[in-house]
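Colleague: One structure coming up, written as C-alpha cells, with questions to follow.
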Amino acid sequence: MELETVFGLVHGGCHGAWCWQRVIGALDVLGHRGVAMDLPCDDDSAGAQRYAEVVLDALADVDGNVVLVGHSLGGLTIPLVAAERPVRTLIFLSAVLPMPGKSLIQQQETEPEMVFPNPDGPSAFRRRLYGTAADADAAWALAQIRPQAQTPYHEETPLKAWPDVDAAFIVPTEDRAVNSVWARRAARERLGIEAHEMIGADHSPFLSRPAELARLLVELAVSKEQAHGA
C-alpha cells in the first residue's frame, strides 16, 4: 500500500460519478487514485451485467488488482466485476448483496427488513439519503439525481457464484435506506466478516464525510492486504 492503489468507485441507484468527487479528492491527498463512472441507471434495458461492463471499461487501463467500492445498489455490480478481472478487495458501503438464483425483489420478500420503505416527498428523500449532510450539499446532490430503472431490482442476478475475493462491509449507523441491523447480519452470515461502522454517518458518507470515508477505504484495503499476506 506504499504504492498508489486504485479504487473503483461504483455508485448506487439514481446517482452518478459526480457523487464520488470529494472522495476522489481525499484519496488523492492520501496518495491513491479513485476512478468513478456513470452507470446506465436510467436505461430500462440495462441490468447488473451491463453495469459491470461499464465498470470494466472504466478500469480497462488499470494494471493489476483494484479495490472495488460499491455503494447501495452498486453492491449488486461489484461482485460481477470481480468475476471478470483481478480485484484485490470488494468493499460494500451501505450496500445490498446479490444472491445467486434470486432477484433483489425476491430477497426483499424473504428479508423485508433489508431496506426501509421509500418515503414520499423531497424532504423525506433528503433525510433518507443525506440525513446528516449540510443543506447546501444535500441540495446540490438532489439536483443531480437521475431516474433509476427497475431492471436491476427485478432480474435474477447474473452472478452464478460468489467470487473468491476478500470483502469488507461499511455500515453507517444513521443509515435511513439500508437497514444497519440487516447489514451487520448479512456481512456476518453471507460474507463471513464483521462490518465496520461509521458512527453517526448517513446513507451517503461520500457527501457528508468524504475525508473520513477515504481514510477508512484505505485502512480496509491495507488490513485486507496485510491479512492476505500473513
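Following the order of the C-alpha cells, chains are lettered A, B, ..., residues in each are numbered from 1, and ligands are numbered from 1.
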Need to verify the contact set: Glu156 (chain A), 8 Å, only C-alpha atoms, exclusion of same-chain residues closer than 5 positions in sequence. Can you return it as a PDB file with all heavy atoms, in the first residue's frame?
Modeller:
ATOM      1  N   PRO A 100     -27.018 -15.470  -5.698  1.00  0.00           N
ATOM      2  CA  PRO A 100     -27.208 -16.283  -6.904  1.00  0.00           C
ATOM      3  C   PRO A 100     -28.547 -17.015  -6.901  1.00  0.00           C
ATOM      4  O   PRO A 100     -28.945 -17.606  -5.897  1.00  0.00           O
ATOM      5  CB  PRO A 100     -26.023 -17.256  -6.853  1.00  0.00           C
ATOM      6  CG  PRO A 100     -24.954 -16.482  -6.147  1.00  0.00           C
ATOM      7  CD  PRO A 100     -25.694 -15.696  -5.089  1.00  0.00           C
ATOM      8  N   GLY A 101     -29.243 -16.919  -8.045  1.00  0.00           N
ATOM      9  CA  GLY A 101     -30.528 -17.583  -8.191  1.00  0.00           C
ATOM     10  C   GLY A 101     -31.720 -16.736  -7.809  1.00  0.00           C
ATOM     11  O   GLY A 101     -32.866 -17.166  -7.994  1.00  0.00           O
ATOM     12  N   LYS A 102     -31.481 -15.532  -7.284  1.00  0.00           N
ATOM     13  CA  LYS A 102     -32.589 -14.687  -6.853  1.00  0.00           C
ATOM     14  C   LYS A 102     -32.437 -13.270  -7.383  1.00  0.00           C
ATOM     15  O   LYS A 102     -31.339 -12.818  -7.699  1.00  0.00           O
ATOM     16  CB  LYS A 102     -32.669 -14.641  -5.324  1.00  0.00           C
ATOM     17  CG  LYS A 102     -33.138 -15.936  -4.672  1.00  0.00           C
ATOM     18  CD  LYS A 102     -33.417 -15.720  -3.204  1.00  0.00           C
ATOM     19  CE  LYS A 102     -33.992 -16.974  -2.567  1.00  0.00           C
ATOM     20  NZ  LYS A 102     -34.340 -16.759  -1.141  1.00  0.00           N
ATOM     21  N   SER A 103     -33.557 -12.588  -7.458  1.00  0.00           N
ATOM     22  CA  SER A 103     -33.543 -11.154  -7.730  1.00  0.00           C
ATOM     23  C   SER A 103     -33.505 -10.415  -6.396  1.00  0.00           C
ATOM     24  O   SER A 103     -33.759 -10.991  -5.329  1.00  0.00           O
ATOM     25  CB  SER A 103     -34.794 -10.744  -8.507  1.00  0.00           C
ATOM     26  OG  SER A 103     -35.947 -10.879  -7.684  1.00  0.00           O
ATOM     27  N   LEU A 104     -33.231  -9.124  -6.465  1.00  0.00           N
ATOM     28  CA  LEU A 104     -33.237  -8.325  -5.244  1.00  0.00           C
ATOM     29  C   LEU A 104     -34.647  -8.261  -4.649  1.00  0.00           C
ATOM     30  O   LEU A 104     -34.823  -8.317  -3.422  1.00  0.00           O
ATOM     31  CB  LEU A 104     -32.715  -6.920  -5.527  1.00  0.00           C
ATOM     32  CG  LEU A 104     -32.542  -6.008  -4.304  1.00  0.00           C
ATOM     33  CD1 LEU A 104     -31.578  -6.626  -3.295  1.00  0.00           C
ATOM     34  CD2 LEU A 104     -32.068  -4.620  -4.724  1.00  0.00           C
TER      35      LEU A 104
END
Colleague: Tell me which protein, DNA and RNA residues are within 7 Å of Ala149 (chain A), counting only C-alpha atoms, leaving out same-chain ones fewer than 4 positions away, and put them as a list in words.
Modeller: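 That gives Cys41, Asp42, Asp43 and Asp44 of chain A.
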Colleague: Which is closer to Val54 (chain A) than all the others in A:Leu73, A:Ala201, A:Ala134, A:Leu9, using only C-alpha atoms?
Modeller: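 Among A:Leu73, A:Ala201, A:Ala134, A:Leu9, it is A:Leu9 that comes nearest to Val54 (chain A).
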Colleague: Point out the residue among A:Asp137, A:Leu93, A:Ile24, A:Leu217 with the least atom-to-atom distance to Thr173 (chain A), counting only C-alpha atoms.
Modeller: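 Under the stated criterion, the closest residue is A:Leu93.
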Colleague: Would you work out the distance separating CA of Ser72 (chain A) from CA of Leu3 (chain A), expressed in Å to one decimal?
Modeller: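 About the pair CA of Ser72 (chain A) and CA of Leu3 (chain A): they are 28.5 Å apart.
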Colleague: Write out as a list in words the set of residues from region 118-215 of chain A that DSSP, computed on the backbone, places in strand (DSSP E or B).
Modeller: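 Taking region 118-215 of chain A and keeping strand (DSSP E or B) gives Glu156, Asp166, Ala167, Ala168, Phe169, Ile170, Val171, Pro172, Val178, His196, Glu197 and Met198 of chain A.
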Colleague: Can you list, as a ChimeraX atom specification, every residue of region 4-185 of chain A that DSSP puts in alpha helix (DSSP H)?
Modeller: /A:21-29,48-58,78-82,104-110,122-130,135-142,151-154,180-185
Colleague: For a test of reading the model, state the distance in Å between CA of Tyr130 (chain A) and CA of Gly25 (chain A), rounded to one decimal.
Modeller: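 According to the coordinates, CA of Tyr130 (chain A) and CA of Gly25 (chain A) are separated by 19.7 Å.
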Colleague: Just how far from CA of Phe206 (chain A) is CA of Trp20 (chain A), in Å to one decimal?
Modeller: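 Between CA of Trp20 (chain A) and CA of Phe206 (chain A) the gap works out to 6.1 Å.
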Colleague: Could you name the residues that touch region 184-190 of chain A at 8 Å or less, counting only C-alpha atoms, but leaving out those on the same chain fewer than 6 positions away, as a PDB file with all heavy atoms, in the first residue's frame?
Modeller:
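Output file result_30.pdb follows:
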ATOM      1  N   ALA A 168     -15.087  -6.445   2.544  1.00  0.00           N
ATOM      2  CA  ALA A 168     -15.327  -5.646   3.736  1.00  0.00           C
ATOM      3  C   ALA A 168     -16.688  -4.987   3.583  1.00  0.00           C
ATOM      4  O   ALA A 168     -17.186  -4.814   2.470  1.00  0.00           O
ATOM      5  CB  ALA A 168     -14.229  -4.596   3.927  1.00  0.00           C
ATOM      6  N   PHE A 169     -17.291  -4.625   4.704  1.00  0.00           N
ATOM      7  CA  PHE A 169     -18.621  -4.020   4.686  1.00  0.00           C
ATOM      8  C   PHE A 169     -18.611  -2.819   5.626  1.00  0.00           C
ATOM      9  O   PHE A 169     -18.251  -2.941   6.794  1.00  0.00           O
ATOM     10  CB  PHE A 169     -19.678  -5.040   5.142  1.00  0.00           C
ATOM     11  CG  PHE A 169     -21.063  -4.778   4.630  1.00  0.00           C
ATOM     12  CD1 PHE A 169     -21.728  -5.719   3.865  1.00  0.00           C
ATOM     13  CD2 PHE A 169     -21.721  -3.589   4.917  1.00  0.00           C
ATOM     14  CE1 PHE A 169     -23.011  -5.489   3.387  1.00  0.00           C
ATOM     15  CE2 PHE A 169     -22.997  -3.340   4.441  1.00  0.00           C
ATOM     16  CZ  PHE A 169     -23.643  -4.290   3.673  1.00  0.00           C
ATOM     17  N   VAL A 171     -20.892   0.010   7.455  1.00  0.00           N
ATOM     18  CA  VAL A 171     -22.262   0.269   7.882  1.00  0.00           C
ATOM     19  C   VAL A 171     -22.344   1.647   8.542  1.00  0.00           C
ATOM     20  O   VAL A 171     -21.829   1.836   9.647  1.00  0.00           O
ATOM     21  CB  VAL A 171     -22.754  -0.805   8.872  1.00  0.00           C
ATOM     22  CG1 VAL A 171     -24.140  -0.463   9.389  1.00  0.00           C
ATOM     23  CG2 VAL A 171     -22.765  -2.177   8.206  1.00  0.00           C
TER      24      VAL A 171
END
Colleague: Could you give me, as a list in words, the residues within 8 Å of Asn179 (chain A), counting only C-alpha atoms and dropping anything in the same chain fewer than 3 positions from it?
Modeller: Glu113, Met114, Val115, Phe116, Asp175, Arg176, Trp182 and Ala183 of chain A
Colleague: Once you have the residues from the selection above, write them out as a compact mmCIF listing (two decimals), in the first residue's frame, restricted to all heavy atoms.
Modeller:
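Everything below was put into part-v9.txt:
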# COMPACT_ATOMS: atom_id res chain seq x y z
N GLU A 113 -36.84 -6.59 6.13
CA GLU A 113 -36.13 -5.59 6.94
C GLU A 113 -34.86 -5.08 6.24
O GLU A 113 -34.18 -4.19 6.76
CB GLU A 113 -35.76 -6.18 8.30
CG GLU A 113 -34.62 -7.20 8.29
CD GLU A 113 -35.00 -8.60 7.85
OE1 GLU A 113 -36.12 -8.77 7.33
OE2 GLU A 113 -34.18 -9.51 8.01
N MET A 114 -34.53 -5.61 5.06
CA MET A 114 -33.29 -5.23 4.38
C MET A 114 -33.18 -3.73 4.14
O MET A 114 -32.14 -3.11 4.43
CB MET A 114 -33.20 -5.96 3.02
CG MET A 114 -31.94 -5.65 2.23
SD MET A 114 -32.00 -6.32 0.53
CE MET A 114 -32.26 -8.06 0.86
N VAL A 115 -34.24 -3.15 3.62
CA VAL A 115 -34.24 -1.70 3.36
C VAL A 115 -35.48 -1.09 3.97
O VAL A 115 -36.52 -1.74 4.11
CB VAL A 115 -34.17 -1.38 1.84
CG1 VAL A 115 -32.87 -1.89 1.24
CG2 VAL A 115 -35.36 -1.96 1.11
N PHE A 116 -35.36 0.19 4.33
CA PHE A 116 -36.50 0.91 4.86
C PHE A 116 -37.43 1.32 3.71
O PHE A 116 -36.97 1.52 2.58
CB PHE A 116 -36.04 2.16 5.62
CG PHE A 116 -35.26 1.84 6.86
CD1 PHE A 116 -33.90 2.11 6.93
CD2 PHE A 116 -35.88 1.27 7.96
CE1 PHE A 116 -33.17 1.82 8.07
CE2 PHE A 116 -35.16 0.97 9.11
CZ PHE A 116 -33.81 1.24 9.17
N ASP A 175 -27.93 5.26 8.84
CA ASP A 175 -28.48 4.97 7.51
C ASP A 175 -30.00 4.87 7.60
O ASP A 175 -30.53 4.15 8.45
CB ASP A 175 -27.89 3.65 6.99
CG ASP A 175 -28.09 3.44 5.51
OD1 ASP A 175 -29.01 4.05 4.94
OD2 ASP A 175 -27.32 2.67 4.92
N ARG A 176 -30.69 5.57 6.71
CA ARG A 176 -32.15 5.50 6.66
C ARG A 176 -32.64 4.86 5.37
O ARG A 176 -33.81 4.96 5.03
CB ARG A 176 -32.74 6.91 6.81
CG ARG A 176 -32.49 7.54 8.18
CD ARG A 176 -33.22 6.78 9.27
NE ARG A 176 -32.94 7.31 10.61
CZ ARG A 176 -32.03 6.82 11.44
NH1 ARG A 176 -31.30 5.77 11.07
NH2 ARG A 176 -31.83 7.36 12.63
N TRP A 182 -29.83 -5.30 9.42
CA TRP A 182 -29.70 -6.30 8.35
C TRP A 182 -28.28 -6.34 7.82
O TRP A 182 -27.71 -7.42 7.59
CB TRP A 182 -30.66 -5.99 7.20
CG TRP A 182 -30.40 -6.87 6.01
CD1 TRP A 182 -30.92 -8.11 5.78
CD2 TRP A 182 -29.53 -6.59 4.91
NE1 TRP A 182 -30.42 -8.63 4.60
CE2 TRP A 182 -29.57 -7.71 4.05
CE3 TRP A 182 -28.73 -5.50 4.57
CZ2 TRP A 182 -28.82 -7.77 2.87
CZ3 TRP A 182 -27.98 -5.55 3.39
CH2 TRP A 182 -28.03 -6.68 2.56
N ALA A 183 -27.66 -5.18 7.62
CA ALA A 183 -26.33 -5.11 7.02
C ALA A 183 -25.29 -5.82 7.88
O ALA A 183 -24.44 -6.57 7.37
CB ALA A 183 -25.92 -3.65 6.79
Colleague: What's around Thr157 (chain A) at 12 Å? Count only C-alpha atoms, leave out sequence neighbours fewer than 5 positions away in its own chain, and write the answer as a short mmCIF file (atom, residue, chain, number, x, y, z; two decimals) with C-alpha atoms, in the first residue's frame.
Modeller:
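Saved as around-v2.cif:
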data_model
loop_
_atom_site.label_atom_id
_atom_site.label_comp_id
_atom_site.auth_asym_id
_atom_site.auth_seq_id
_atom_site.Cartn_x
_atom_site.Cartn_y
_atom_site.Cartn_z
CA GLY A 47 -29.22 -4.79 -15.82
CA ALA A 48 -26.37 -5.56 -13.44
CA GLN A 49 -24.26 -7.24 -16.11
CA ARG A 50 -24.37 -4.11 -18.27
CA TYR A 51 -23.47 -2.04 -15.21
CA ALA A 52 -20.49 -4.34 -14.65
CA GLY A 75 -23.37 -3.85 -4.28
CA LEU A 76 -25.11 -5.90 -6.99
CA THR A 77 -22.47 -4.89 -9.53
CA ILE A 78 -19.05 -5.18 -7.94
CA PRO A 79 -19.04 -9.00 -7.48
CA LEU A 80 -19.77 -9.32 -11.22
CA LEU A 97 -25.77 -8.01 -1.80
CA PRO A 98 -26.60 -10.24 -4.77
CA MET A 99 -27.73 -13.78 -4.06
CA PRO A 100 -27.21 -16.28 -6.90
CA GLY A 101 -30.53 -17.58 -8.19
CA LYS A 102 -32.59 -14.69 -6.85
CA SER A 103 -33.54 -11.15 -7.73
CA LEU A 104 -33.24 -8.33 -5.24
CA ILE A 105 -37.04 -8.14 -5.03
CA GLN A 106 -37.16 -11.84 -4.13
CA GLN A 107 -34.58 -11.25 -1.41
CA THR A 151 -34.36 -3.87 -14.10
CA PRO A 152 -31.58 -4.47 -11.51
CA TRP A 162 -19.55 -15.61 -5.22
#
Colleague: Neighbouring residues of Leu68 (chain A) were defined as those with any atom within 8 Å, considering only C-alpha atoms; residues of the same chain fewer than 3 positions away were excluded. Please report them as a ChimeraX atom specification.
Modeller: /A:7-10,78,87-91
Colleague: Please provide the set of residues having any atom within 12 Å of Ala133 (chain A), restricted to only C-alpha atoms, with same-chain residues fewer than 2 positions apart removed, written as a PDB file with N, CA and C atoms, in the first residue's frame.
Modeller:
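Final file, selection.pdb:
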ATOM      1  N   ARG A 126     -34.573  13.483   1.077  1.00  0.00           N
ATOM      2  CA  ARG A 126     -33.324  14.086   1.551  1.00  0.00           C
ATOM      3  C   ARG A 126     -32.882  13.429   2.858  1.00  0.00           C
ATOM      4  N   ARG A 127     -33.812  13.211   3.793  1.00  0.00           N
ATOM      5  CA  ARG A 127     -33.457  12.578   5.055  1.00  0.00           C
ATOM      6  C   ARG A 127     -33.003  11.137   4.836  1.00  0.00           C
ATOM      7  N   ARG A 128     -33.617  10.453   3.883  1.00  0.00           N
ATOM      8  CA  ARG A 128     -33.276   9.059   3.607  1.00  0.00           C
ATOM      9  C   ARG A 128     -31.845   8.932   3.104  1.00  0.00           C
ATOM     10  N   LEU A 129     -31.447   9.810   2.185  1.00  0.00           N
ATOM     11  CA  LEU A 129     -30.148   9.676   1.523  1.00  0.00           C
ATOM     12  C   LEU A 129     -29.057  10.506   2.170  1.00  0.00           C
ATOM     13  N   TYR A 130     -29.393  11.708   2.589  1.00  0.00           N
ATOM     14  CA  TYR A 130     -28.377  12.674   3.019  1.00  0.00           C
ATOM     15  C   TYR A 130     -28.736  13.279   4.381  1.00  0.00           C
ATOM     16  N   GLY A 131     -29.116  12.436   5.305  1.00  0.00           N
ATOM     17  CA  GLY A 131     -29.674  12.898   6.567  1.00  0.00           C
ATOM     18  C   GLY A 131     -28.763  13.778   7.393  1.00  0.00           C
ATOM     19  N   ASP A 135     -27.317  21.460   4.366  1.00  0.00           N
ATOM     20  CA  ASP A 135     -28.422  21.745   3.450  1.00  0.00           C
ATOM     21  C   ASP A 135     -27.936  22.045   2.033  1.00  0.00           C
ATOM     22  N   ALA A 136     -26.880  22.835   1.914  1.00  0.00           N
ATOM     23  CA  ALA A 136     -26.368  23.193   0.592  1.00  0.00           C
ATOM     24  C   ALA A 136     -25.837  21.970  -0.132  1.00  0.00           C
ATOM     25  N   ASP A 137     -25.168  21.074   0.592  1.00  0.00           N
ATOM     26  CA  ASP A 137     -24.640  19.860  -0.026  1.00  0.00           C
ATOM     27  C   ASP A 137     -25.773  18.936  -0.478  1.00  0.00           C
ATOM     28  N   ALA A 138     -26.781  18.783   0.376  1.00  0.00           N
ATOM     29  CA  ALA A 138     -27.913  17.934   0.015  1.00  0.00           C
ATOM     30  C   ALA A 138     -28.648  18.488  -1.198  1.00  0.00           C
ATOM     31  N   ALA A 139     -28.822  19.811  -1.259  1.00  0.00           N
ATOM     32  CA  ALA A 139     -29.494  20.418  -2.410  1.00  0.00           C
ATOM     33  C   ALA A 139     -28.692  20.196  -3.680  1.00  0.00           C
ATOM     34  N   TRP A 140     -27.376  20.319  -3.585  1.00  0.00           N
ATOM     35  CA  TRP A 140     -26.501  20.082  -4.742  1.00  0.00           C
ATOM     36  C   TRP A 140     -26.650  18.645  -5.241  1.00  0.00           C
ATOM     37  N   ALA A 141     -26.681  17.697  -4.328  1.00  0.00           N
ATOM     38  CA  ALA A 141     -26.812  16.296  -4.711  1.00  0.00           C
ATOM     39  C   ALA A 141     -28.194  15.999  -5.290  1.00  0.00           C
ATOM     40  N   LEU A 142     -29.232  16.480  -4.639  1.00  0.00           N
ATOM     41  CA  LEU A 142     -30.591  16.203  -5.107  1.00  0.00           C
ATOM     42  C   LEU A 142     -30.836  16.767  -6.499  1.00  0.00           C
ATOM     43  N   GLU A 174     -26.368   5.748  11.014  1.00  0.00           N
ATOM     44  CA  GLU A 174     -27.583   6.544  10.859  1.00  0.00           C
ATOM     45  C   GLU A 174     -28.192   6.388   9.473  1.00  0.00           C
ATOM     46  N   GLY A 200     -22.568   7.618  13.381  1.00  0.00           N
ATOM     47  CA  GLY A 200     -23.224   8.887  13.090  1.00  0.00           C
ATOM     48  C   GLY A 200     -23.324   9.237  11.624  1.00  0.00           C
ATOM     49  N   ALA A 201     -22.843   8.374  10.735  1.00  0.00           N
ATOM     50  CA  ALA A 201     -22.887   8.665   9.301  1.00  0.00           C
ATOM     51  C   ALA A 201     -24.220   8.251   8.703  1.00  0.00           C
ATOM     52  N   ASP A 202     -24.632   8.948   7.647  1.00  0.00           N
ATOM     53  CA  ASP A 202     -25.876   8.629   6.957  1.00  0.00           C
ATOM     54  C   ASP A 202     -25.615   7.685   5.784  1.00  0.00           C
ATOM     55  N   HIS A 203     -26.622   7.490   4.954  1.00  0.00           N
ATOM     56  CA  HIS A 203     -26.515   6.555   3.835  1.00  0.00           C
ATOM     57  C   HIS A 203     -25.457   6.961   2.827  1.00  0.00           C
ATOM     58  N   SER A 204     -25.094   8.227   2.778  1.00  0.00           N
ATOM     59  CA  SER A 204     -24.209   8.745   1.725  1.00  0.00           C
ATOM     60  C   SER A 204     -23.009   9.485   2.317  1.00  0.00           C
ATOM     61  N   PRO A 205     -22.106   8.788   3.008  1.00  0.00           N
ATOM     62  CA  PRO A 205     -20.958   9.472   3.609  1.00  0.00           C
ATOM     63  C   PRO A 205     -19.981  10.033   2.588  1.00  0.00           C
ATOM     64  N   PHE A 206     -20.113   9.641   1.317  1.00  0.00           N
ATOM     65  CA  PHE A 206     -19.269  10.255   0.289  1.00  0.00           C
ATOM     66  C   PHE A 206     -19.567  11.742   0.154  1.00  0.00           C
ATOM     67  N   LEU A 207     -20.752  12.164   0.590  1.00  0.00           N
ATOM     68  CA  LEU A 207     -21.124  13.572   0.530  1.00  0.00           C
ATOM     69  C   LEU A 207     -20.837  14.281   1.847  1.00  0.00           C
ATOM     70  N   SER A 208     -21.246  13.665   2.950  1.00  0.00           N
ATOM     71  CA  SER A 208     -21.173  14.348   4.245  1.00  0.00           C
ATOM     72  C   SER A 208     -19.844  14.155   4.961  1.00  0.00           C
ATOM     73  N   ARG A 209     -19.153  13.025   4.684  1.00  0.00           N
ATOM     74  CA  ARG A 209     -17.901  12.740   5.401  1.00  0.00           C
ATOM     75  C   ARG A 209     -16.869  12.110   4.462  1.00  0.00           C
ATOM     76  N   PRO A 210     -16.537  12.801   3.378  1.00  0.00           N
ATOM     77  CA  PRO A 210     -15.679  12.191   2.353  1.00  0.00           C
ATOM     78  C   PRO A 210     -14.263  11.886   2.818  1.00  0.00           C
TER      79      PRO A 210
END
Colleague: Rank A:Val69, A:Val35, A:Leu159, A:Val96 by their smallest atom-to-atom distance to Glu84 (chain A), using only C-alpha atoms, and report the top residue only.
Modeller: A:Leu159
Colleague: May I ask which of the residues A:His15, A:Arg33, A:Arg85, A:Arg22 is the closest one to Val218 (chain A), counting only C-alpha atoms?
Modeller: A:Arg33
